[in-house]
Each structure stands twice: as C-alpha cells, then as structure tokens.
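Data block below; observations after.
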2 protein chains.
Amino acid sequence: MEINIGISNRHVHLKQEDVDILFGKDYVLTKKRDLSQLGQYACEEMVTLKTEKNEIARVRVLGPVRKYSQVEISKTDAFTLGLNPPVRESGDLSDSEAITLVGPKGEVHLEEGCIIASRHIHANPEDVKRLGLEGVSEVDVLLPGEKGGILHHVSIKVDPTYVLELHLDTDDGNAHLITKETKGIIIKEKTHE
Amino acid sequence: MEINIGISNRHVHLKQEDVDILFGKDYVLTKKRDLSQLGQYACEEMVTLKTEKNEIARVRVLGPVRKYSQVEISKTDAFTLGLNPPVRESGDLSDSEAITLVGPKGEVHLEEGCIIASRHIHANPEDVKRLGLEGVSEVDVLLPGEKGGILHHVSIKVDPTYVLELHLDTDDGNAHLITKETKGIIIKEKTHE
C-alpha cells in the first residue's frame, strides 16, 4: 500500500480569458516541464498574488488552461496574505476566497477562486482495484519519519488518465519533513471517527 | 486526555554573553508578555536570522537568558534560510546547524544552535499520574478537523513547574489548521511501529 508523494507548492490554474488579461490577448502558456499527472505541466509564466494585506510574487502557473481560474495556497501563505480560504477539492470554488492576480499585462480580481487544496490521491481504476479501494472516497495515510504521523481526510480521485500519487501541500510536506524519497502508506482501517 | 496546544513561531533563546554582543554590554531583556510555561516570557527584543542564502527579520527573543543560545525554526523557515537543522529537544545542540544572529549592536555567529524543535508535551508529575503516563517518554496525539491527523513522536517533558500543554511548530500548526480553540487528544496506544 506504498504510494509516491508529490508536494504542491502554491500555484495558479487559469482560464484563457484571464490568460488574455494577465499576459496579453490570445497569449499561449509556455510549457516548462511536465508534471506527474498526464497532460499537466508547469509553465514558464508566473503571477503575483495580491491582497489588501500583502503580496506573494513568482507564483507558478500550471497548464493547460482550464474552464475556471483557481489559486491553491497553503495555510502559511494564507496567513501571509491575510486570507482564510476553505479546504476544497479542485474546482469546488463556491464561496472560496477572493484574490487578485497580477501579470505583466494586467490584473485579474477573482471574487472567488482561492482555496487550500484537500489532501488527495490520484488513482486510475486499476489502482483502485489493486488496492481494494472500490467505493472508498477517503483514506488515512501513514507518513514515516522523525516528524511522521497519520494524515486524515485524504480523498481519492479516480480517472483513467491518473498516475497513482498522493498530493499534499507544502505545510503538510514540511510538517512531516517529506523528501523526494518519502513514501506514504495507505491505511484502510480508519484511525479516527 | 484532551490537551491544550501552543504553537511556537520561530524564536531565539540567548545566553547573557550573546545578549551583550547583540544588544549592548550588560543589556537586560525586556519582558513583553508571559508565556504559558511559568517564568518564560516573550521579550520586546528581536533579532534577524542570517545565512549565506537569506535572512528572516523580526525573530522574537524569549526570556529569561539561558546557559546557551538556541534558535528554533520550522522546516519552512529552514528552506527559506537554506539550512537543514536536525529535529531536537531543546538544549540538545551538538551537531545542530550554524546560523548568524544580527542585533542592533552586533552579530553573533553560532557554530551550532539552530534546530527544529521536537513536538513535545509539558507536564508536571501530577499530570503524568492523572493521565497514566508514568514511564512513558513518547505518545501520539490526535488532532481533529478537516486537515486533522495523528502526530507521532510527541515527547513528554516533566517538571514540577510545567503547565500541561502540547507545543508544536508553525508547520505542524498550519498543516493541521490548528486554532486557539483546537485541543489535542493524547493516544496511549501506539498507532505505528
């Protein structure tokens, strides 16, 4: 039940309309490197996150463009920016936090769009079957090490294109001293209510 | 088995010799506010942490002075500063990281002194007895909530002056969305090897 771990630093997904405002009309995002999930990539482009309280510069844009713009930050970032974003699955943005994106050509104010991403596992249907996780929407994951522990509320996202991987934010990664070598262990028996 | 939680932001303990260098000869630290542990207090004084890679300004000094100077940071801070400090109990500084402190009157370079503090519980002997933790050096602690989980390797520090409290760094606090209201639950049965 070992699983690879990917740590997601703060990042932004954009719809083309917002790419146009931030980087220029009909601008095409430039792939910098592929990510582990098929078709997903980090772009050369970066934006600044801006709130009334503060700014965080050099925040990576991920491609390809989506149907909605979304900003994923950690709780540590949220304190820096003076925001209180909800913990959400990607794409579930109703009543999420407002935030402003600043690009080289313009600014976009999102009335909603800023979230703390839920801990989640990407898996394809074969992984789900092999791991005996059919019908399971949430698991616990054991993280080994000096500051190890058990993560609760790790959701399972299934798609035929997915590569099996646990995605955590930088707060979870740093709290548990996760390195590129750290593997998680999926626990099927609940360790809590 | 509920326990209050205190989140420790990055901070510095100083010996008088280093206070003299940073703030001036025979300088006396100024109490800003008492901390939960008896006799411990946050000072008005702050220093800058400096490494070859970066700086973190406005880092709080805690009093009273100790026999050794020690810097406690989070893994997130360690990435900012380009350091790789070990996870240690307070005072266990052999082979810990080097770091430079900058005060208004001078700089102190510590060849060792920078650590990531172990997760720990302060308890007095009566707490230990009441909780049935006699002879137990380490427990697990359940943290509730949307990004809750179980912390492993939480050490127990016993002293007659201690007030029962779980001390975590900001990475653990932010990863688990700990607020002033969050209580931990001490788990005596190990949830891991």
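In the structure tokens, chains take letters A, B, ... by order of appearance, with residues numbered from 1 within each chain and ligands from 1 in the order shown.
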**Message:** If DSSP is run on the backbone, what residues of range 5-163 of chain B are strand (DSSP E or B)? A reply as an MDAnalysis selection string would be ideal.
**Reply:** chainID B and resid 5:8 11:15 31:34 41:50 55:66 70:72 87:88 97:102 107:117 120:123 138:143 149:158
**Request:** Select all residues from chain B having any atom no more than 6 Å from an atom of chain A (counting only C-alpha atoms, ignoring ligands), output as a ChimeraX atom specification.
**Result:** /B:75,148-152,171-172,174-175
Output file for the residues above (N, CA and C atoms, as a PDB file, in the first residue's frame):
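Done, and the output landed in out_38.pdb:
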ATOM      1  N   LYS B  75      10.654  23.802   9.399  1.00  0.00           N
ATOM      2  CA  LYS B  75      11.238  23.326   8.132  1.00  0.00           C
ATOM      3  C   LYS B  75      11.006  24.360   7.025  1.00  0.00           C
ATOM      4  N   GLY B 148      -7.058  17.268   9.929  1.00  0.00           N
ATOM      5  CA  GLY B 148      -6.569  16.637  11.137  1.00  0.00           C
ATOM      6  C   GLY B 148      -5.708  15.429  10.843  1.00  0.00           C
ATOM      7  N   GLY B 149      -5.293  14.774  11.932  1.00  0.00           N
ATOM      8  CA  GLY B 149      -4.456  13.596  11.787  1.00  0.00           C
ATOM      9  C   GLY B 149      -3.910  13.179  13.133  1.00  0.00           C
ATOM     10  N   ILE B 150      -2.915  12.315  13.090  1.00  0.00           N
ATOM     11  CA  ILE B 150      -2.268  11.856  14.324  1.00  0.00           C
ATOM     12  C   ILE B 150      -0.786  12.182  14.236  1.00  0.00           C
ATOM     13  N   LEU B 151      -0.292  12.889  15.232  1.00  0.00           N
ATOM     14  CA  LEU B 151       1.129  13.210  15.303  1.00  0.00           C
ATOM     15  C   LEU B 151       1.863  12.077  16.007  1.00  0.00           C
ATOM     16  N   HIS B 152       2.930  11.606  15.413  1.00  0.00           N
ATOM     17  CA  HIS B 152       3.777  10.617  16.072  1.00  0.00           C
ATOM     18  C   HIS B 152       4.969  11.317  16.725  1.00  0.00           C
ATOM     19  N   ASP B 171       4.745  24.786  11.279  1.00  0.00           N
ATOM     20  CA  ASP B 171       4.437  23.842  10.192  1.00  0.00           C
ATOM     21  C   ASP B 171       3.369  22.852  10.635  1.00  0.00           C
ATOM     22  N   ASP B 172       3.548  22.267  11.827  1.00  0.00           N
ATOM     23  CA  ASP B 172       2.522  21.345  12.335  1.00  0.00           C
ATOM     24  C   ASP B 172       1.205  22.087  12.554  1.00  0.00           C
ATOM     25  N   ASN B 174       0.034  24.856  11.060  1.00  0.00           N
ATOM     26  CA  ASN B 174      -0.625  25.241   9.810  1.00  0.00           C
ATOM     27  C   ASN B 174      -1.084  24.035   9.006  1.00  0.00           C
ATOM     28  N   ALA B 175      -0.283  22.962   9.000  1.00  0.00           N
ATOM     29  CA  ALA B 175      -0.669  21.757   8.249  1.00  0.00           C
ATOM     30  C   ALA B 175      -1.997  21.210   8.768  1.00  0.00           C
TER      31      ALA B 175
END
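If you count only C-alpha atoms and ignore residues fewer than 5 places along the chain from Glu52 in chain B, what sits within 12 Å of it is B:Thr80, B:Leu81, B:Gly82, B:Leu83, B:Ala98, B:Ile99, B:Thr100, B:His109.
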Could you write out that same residue set with all heavy atoms as a PDB file, in the first residue's frame?
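The result, stored in again.pdb:
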ATOM      1  N   THR B  80      13.747  28.541   3.569  1.00  0.00           N
ATOM      2  CA  THR B  80      13.996  29.966   3.302  1.00  0.00           C
ATOM      3  C   THR B  80      15.462  30.305   3.544  1.00  0.00           C
ATOM      4  O   THR B  80      16.077  31.041   2.765  1.00  0.00           O
ATOM      5  CB  THR B  80      13.109  30.846   4.221  1.00  0.00           C
ATOM      6  OG1 THR B  80      11.750  30.530   3.982  1.00  0.00           O
ATOM      7  CG2 THR B  80      13.351  32.333   3.976  1.00  0.00           C
ATOM      8  N   LEU B  81      16.020  29.756   4.617  1.00  0.00           N
ATOM      9  CA  LEU B  81      17.388  30.095   5.024  1.00  0.00           C
ATOM     10  C   LEU B  81      18.443  29.184   4.392  1.00  0.00           C
ATOM     11  O   LEU B  81      19.649  29.446   4.536  1.00  0.00           O
ATOM     12  CB  LEU B  81      17.514  30.028   6.550  1.00  0.00           C
ATOM     13  CG  LEU B  81      16.704  31.064   7.333  1.00  0.00           C
ATOM     14  CD1 LEU B  81      16.691  30.718   8.822  1.00  0.00           C
ATOM     15  CD2 LEU B  81      17.275  32.469   7.109  1.00  0.00           C
ATOM     16  N   GLY B  82      18.021  28.122   3.707  1.00  0.00           N
ATOM     17  CA  GLY B  82      18.985  27.187   3.122  1.00  0.00           C
ATOM     18  C   GLY B  82      19.694  26.343   4.173  1.00  0.00           C
ATOM     19  O   GLY B  82      20.860  26.002   4.018  1.00  0.00           O
ATOM     20  N   LEU B  83      18.997  26.000   5.245  1.00  0.00           N
ATOM     21  CA  LEU B  83      19.576  25.189   6.321  1.00  0.00           C
ATOM     22  C   LEU B  83      18.903  23.821   6.379  1.00  0.00           C
ATOM     23  O   LEU B  83      17.822  23.639   5.834  1.00  0.00           O
ATOM     24  CB  LEU B  83      19.375  25.885   7.677  1.00  0.00           C
ATOM     25  CG  LEU B  83      20.040  27.246   7.871  1.00  0.00           C
ATOM     26  CD1 LEU B  83      19.731  27.787   9.264  1.00  0.00           C
ATOM     27  CD2 LEU B  83      21.548  27.166   7.652  1.00  0.00           C
ATOM     28  N   ALA B  98      24.605  25.700  12.031  1.00  0.00           N
ATOM     29  CA  ALA B  98      25.206  27.023  12.250  1.00  0.00           C
ATOM     30  C   ALA B  98      24.243  28.096  11.751  1.00  0.00           C
ATOM     31  O   ALA B  98      23.487  27.873  10.796  1.00  0.00           O
ATOM     32  CB  ALA B  98      26.523  27.126  11.493  1.00  0.00           C
ATOM     33  N   ILE B  99      24.271  29.245  12.417  1.00  0.00           N
ATOM     34  CA  ILE B  99      23.413  30.362  11.999  1.00  0.00           C
ATOM     35  C   ILE B  99      23.969  31.650  12.600  1.00  0.00           C
ATOM     36  O   ILE B  99      24.664  31.610  13.625  1.00  0.00           O
ATOM     37  CB  ILE B  99      21.943  30.118  12.437  1.00  0.00           C
ATOM     38  CG1 ILE B  99      20.983  31.069  11.716  1.00  0.00           C
ATOM     39  CG2 ILE B  99      21.795  30.236  13.968  1.00  0.00           C
ATOM     40  CD1 ILE B  99      19.524  30.636  11.788  1.00  0.00           C
ATOM     41  N   THR B 100      23.678  32.766  11.954  1.00  0.00           N
ATOM     42  CA  THR B 100      24.129  34.062  12.470  1.00  0.00           C
ATOM     43  C   THR B 100      22.933  34.878  12.949  1.00  0.00           C
ATOM     44  O   THR B 100      21.898  34.927  12.274  1.00  0.00           O
ATOM     45  CB  THR B 100      24.895  34.838  11.374  1.00  0.00           C
ATOM     46  OG1 THR B 100      26.056  34.083  11.021  1.00  0.00           O
ATOM     47  CG2 THR B 100      25.337  36.212  11.875  1.00  0.00           C
ATOM     48  N   HIS B 109      27.741  34.702  15.578  1.00  0.00           N
ATOM     49  CA  HIS B 109      27.680  33.511  14.743  1.00  0.00           C
ATOM     50  C   HIS B 109      27.712  32.279  15.636  1.00  0.00           C
ATOM     51  O   HIS B 109      28.673  32.057  16.373  1.00  0.00           O
ATOM     52  CB  HIS B 109      28.847  33.469  13.757  1.00  0.00           C
ATOM     53  CG  HIS B 109      28.795  32.239  12.890  1.00  0.00           C
ATOM     54  ND1 HIS B 109      27.853  32.074  11.898  1.00  0.00           N
ATOM     55  CD2 HIS B 109      29.532  31.095  12.912  1.00  0.00           C
ATOM     56  CE1 HIS B 109      28.031  30.886  11.326  1.00  0.00           C
ATOM     57  NE2 HIS B 109      29.030  30.277  11.924  1.00  0.00           N
TER      58      HIS B 109
END
Just want the 10 Å neighbourhood of Arg60 in chain B, counted on only C-alpha atoms, with same-chain residues fewer than 4 positions away dropped. Output as a short mmCIF file (atom, residue, chain, number, x, y, z; two decimals) with all heavy atoms, in the first residue's frame.
data_model
loop_
_atom_site.label_atom_id
_atom_site.label_comp_id
_atom_site.auth_asym_id
_atom_site.auth_seq_id
_atom_site.Cartn_x
_atom_site.Cartn_y
_atom_site.Cartn_z
N ASN B 9 6.07 29.95 17.17
CA ASN B 9 6.68 30.53 15.98
C ASN B 9 8.21 30.50 16.16
O ASN B 9 8.70 30.27 17.26
CB ASN B 9 6.18 31.98 15.82
CG ASN B 9 6.31 32.47 14.38
OD1 ASN B 9 6.96 31.84 13.53
ND2 ASN B 9 5.70 33.60 14.10
N ARG B 10 8.93 30.71 15.09
CA ARG B 10 10.40 30.78 15.17
C ARG B 10 10.82 31.72 16.31
O ARG B 10 10.22 32.79 16.48
CB ARG B 10 10.96 31.24 13.84
CG ARG B 10 10.59 32.64 13.46
CD ARG B 10 11.12 33.06 12.09
NE ARG B 10 10.31 32.53 10.99
CZ ARG B 10 9.35 33.23 10.37
NH1 ARG B 10 9.08 34.47 10.73
NH2 ARG B 10 8.67 32.69 9.39
N HIS B 11 11.81 31.33 17.08
CA HIS B 11 12.25 32.18 18.19
C HIS B 11 13.68 31.85 18.59
O HIS B 11 14.25 30.85 18.13
CB HIS B 11 11.31 32.04 19.39
CG HIS B 11 11.27 30.66 19.98
ND1 HIS B 11 10.40 29.69 19.54
CD2 HIS B 11 12.00 30.07 20.94
CE1 HIS B 11 10.58 28.58 20.22
NE2 HIS B 11 11.57 28.78 21.08
N VAL B 12 14.21 32.69 19.45
CA VAL B 12 15.61 32.59 19.86
C VAL B 12 15.70 32.63 21.38
O VAL B 12 15.02 33.44 22.03
CB VAL B 12 16.40 33.79 19.27
CG1 VAL B 12 17.80 33.87 19.82
CG2 VAL B 12 16.41 33.70 17.74
N HIS B 13 16.50 31.74 21.97
CA HIS B 13 16.91 31.83 23.37
C HIS B 13 18.36 32.31 23.37
O HIS B 13 19.15 31.89 22.52
CB HIS B 13 16.82 30.47 24.06
CG HIS B 13 15.44 29.86 24.05
ND1 HIS B 13 14.45 30.25 24.92
CD2 HIS B 13 14.89 28.91 23.26
CE1 HIS B 13 13.35 29.55 24.68
NE2 HIS B 13 13.58 28.73 23.66
N ALA B 42 7.99 36.21 26.38
CA ALA B 42 8.41 36.82 25.12
C ALA B 42 8.98 38.19 25.44
O ALA B 42 8.45 38.90 26.30
CB ALA B 42 7.21 36.96 24.19
N CYS B 43 10.07 38.54 24.78
CA CYS B 43 10.74 39.83 25.02
C CYS B 43 10.36 40.84 23.95
O CYS B 43 9.92 40.47 22.85
CB CYS B 43 12.26 39.64 25.01
SG CYS B 43 12.83 38.50 26.26
N GLU B 44 10.56 42.10 24.27
CA GLU B 44 10.40 43.15 23.26
C GLU B 44 11.46 42.99 22.16
O GLU B 44 11.23 43.36 21.01
CB GLU B 44 10.56 44.54 23.91
CG GLU B 44 9.48 44.90 24.92
CD GLU B 44 8.13 45.18 24.28
OE1 GLU B 44 8.06 45.28 23.04
OE2 GLU B 44 7.14 45.27 25.02
N GLU B 45 12.61 42.44 22.54
CA GLU B 45 13.75 42.38 21.62
C GLU B 45 13.55 41.35 20.51
O GLU B 45 13.00 40.27 20.73
CB GLU B 45 15.04 42.05 22.40
CG GLU B 45 15.53 43.15 23.29
CD GLU B 45 14.74 43.29 24.60
OE1 GLU B 45 13.95 42.36 24.94
OE2 GLU B 45 14.89 44.32 25.28
N MET B 46 14.03 41.72 19.33
CA MET B 46 14.00 40.81 18.19
C MET B 46 15.37 40.83 17.50
O MET B 46 16.13 41.78 17.66
CB MET B 46 12.91 41.23 17.21
CG MET B 46 11.51 41.07 17.81
SD MET B 46 10.18 41.35 16.63
CE MET B 46 10.20 43.14 16.59
N VAL B 47 15.66 39.75 16.78
CA VAL B 47 16.91 39.68 16.01
C VAL B 47 16.59 39.27 14.58
O VAL B 47 15.46 38.85 14.28
CB VAL B 47 17.90 38.64 16.63
CG1 VAL B 47 18.33 39.07 18.03
CG2 VAL B 47 17.29 37.25 16.64
N THR B 48 17.59 39.39 13.73
CA THR B 48 17.48 38.86 12.37
C THR B 48 18.30 37.58 12.28
O THR B 48 19.42 37.53 12.79
CB THR B 48 18.02 39.89 11.35
OG1 THR B 48 17.14 41.03 11.36
CG2 THR B 48 18.08 39.33 9.95
#
Leu22 in chain B: which residues within 9 Å, counting only C-alpha atoms, same-chain residues fewer than 5 positions away excluded, as a PDB file with N, CA, C and O atoms, in the first residue's frame?
ATOM      1  N   GLU B  17      26.061  36.420  27.459  1.00  0.00           N
ATOM      2  CA  GLU B  17      27.222  36.829  26.654  1.00  0.00           C
ATOM      3  C   GLU B  17      26.786  37.261  25.250  1.00  0.00           C
ATOM      4  O   GLU B  17      27.323  38.223  24.695  1.00  0.00           O
ATOM      5  N   VAL B  47      15.659  39.746  16.781  1.00  0.00           N
ATOM      6  CA  VAL B  47      16.912  39.677  16.014  1.00  0.00           C
ATOM      7  C   VAL B  47      16.587  39.267  14.582  1.00  0.00           C
ATOM      8  O   VAL B  47      15.464  38.847  14.277  1.00  0.00           O
ATOM      9  N   LEU B 101      23.086  35.482  14.127  1.00  0.00           N
ATOM     10  CA  LEU B 101      22.062  36.370  14.690  1.00  0.00           C
ATOM     11  C   LEU B 101      22.551  37.805  14.556  1.00  0.00           C
ATOM     12  O   LEU B 101      23.716  38.090  14.849  1.00  0.00           O
ATOM     13  N   VAL B 102      21.661  38.681  14.130  1.00  0.00           N
ATOM     14  CA  VAL B 102      22.016  40.094  13.984  1.00  0.00           C
ATOM     15  C   VAL B 102      21.127  40.926  14.897  1.00  0.00           C
ATOM     16  O   VAL B 102      19.898  40.856  14.820  1.00  0.00           O
ATOM     17  N   GLY B 103      21.746  41.675  15.794  1.00  0.00           N
ATOM     18  CA  GLY B 103      21.018  42.581  16.688  1.00  0.00           C
ATOM     19  C   GLY B 103      21.410  44.014  16.389  1.00  0.00           C
ATOM     20  O   GLY B 103      22.234  44.270  15.509  1.00  0.00           O
ATOM     21  N   PRO B 104      20.825  44.955  17.122  1.00  0.00           N
ATOM     22  CA  PRO B 104      21.106  46.377  16.871  1.00  0.00           C
ATOM     23  C   PRO B 104      22.552  46.770  17.182  1.00  0.00           C
ATOM     24  O   PRO B 104      23.057  47.750  16.633  1.00  0.00           O
ATOM     25  N   LYS B 105      23.239  46.002  18.036  1.00  0.00           N
ATOM     26  CA  LYS B 105      24.599  46.385  18.425  1.00  0.00           C
ATOM     27  C   LYS B 105      25.684  45.446  17.905  1.00  0.00           C
ATOM     28  O   LYS B 105      26.876  45.746  18.067  1.00  0.00           O
ATOM     29  N   GLY B 106      25.295  44.311  17.325  1.00  0.00           N
ATOM     30  CA  GLY B 106      26.332  43.398  16.853  1.00  0.00           C
ATOM     31  C   GLY B 106      25.770  42.098  16.328  1.00  0.00           C
ATOM     32  O   GLY B 106      24.549  41.904  16.314  1.00  0.00           O
ATOM     33  N   GLU B 107      26.680  41.238  15.860  1.00  0.00           N
ATOM     34  CA  GLU B 107      26.303  39.937  15.300  1.00  0.00           C
ATOM     35  C   GLU B 107      26.927  38.810  16.103  1.00  0.00           C
ATOM     36  O   GLU B 107      28.053  38.937  16.590  1.00  0.00           O
ATOM     37  N   VAL B 108      26.204  37.710  16.209  1.00  0.00           N
ATOM     38  CA  VAL B 108      26.729  36.503  16.855  1.00  0.00           C
ATOM     39  C   VAL B 108      26.632  35.366  15.848  1.00  0.00           C
ATOM     40  O   VAL B 108      25.547  35.116  15.303  1.00  0.00           O
TER      41      VAL B 108
END
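Counting only C-alpha atoms, Glu89 in chain B has the following residues at most 12 Å away, ignoring those fewer than 2 positions along the same chain: Gln70, Val71, Glu72, Pro86, Val87, Gly91, Asp92, Leu93, Ser94, Ser96, Gly113, Cys114, Ile115, Ile116, Ala117, Ser118, Arg119, His120, Ile121, His153, Val154, Ser155, Ile156, Lys157 and His167 of chain B.
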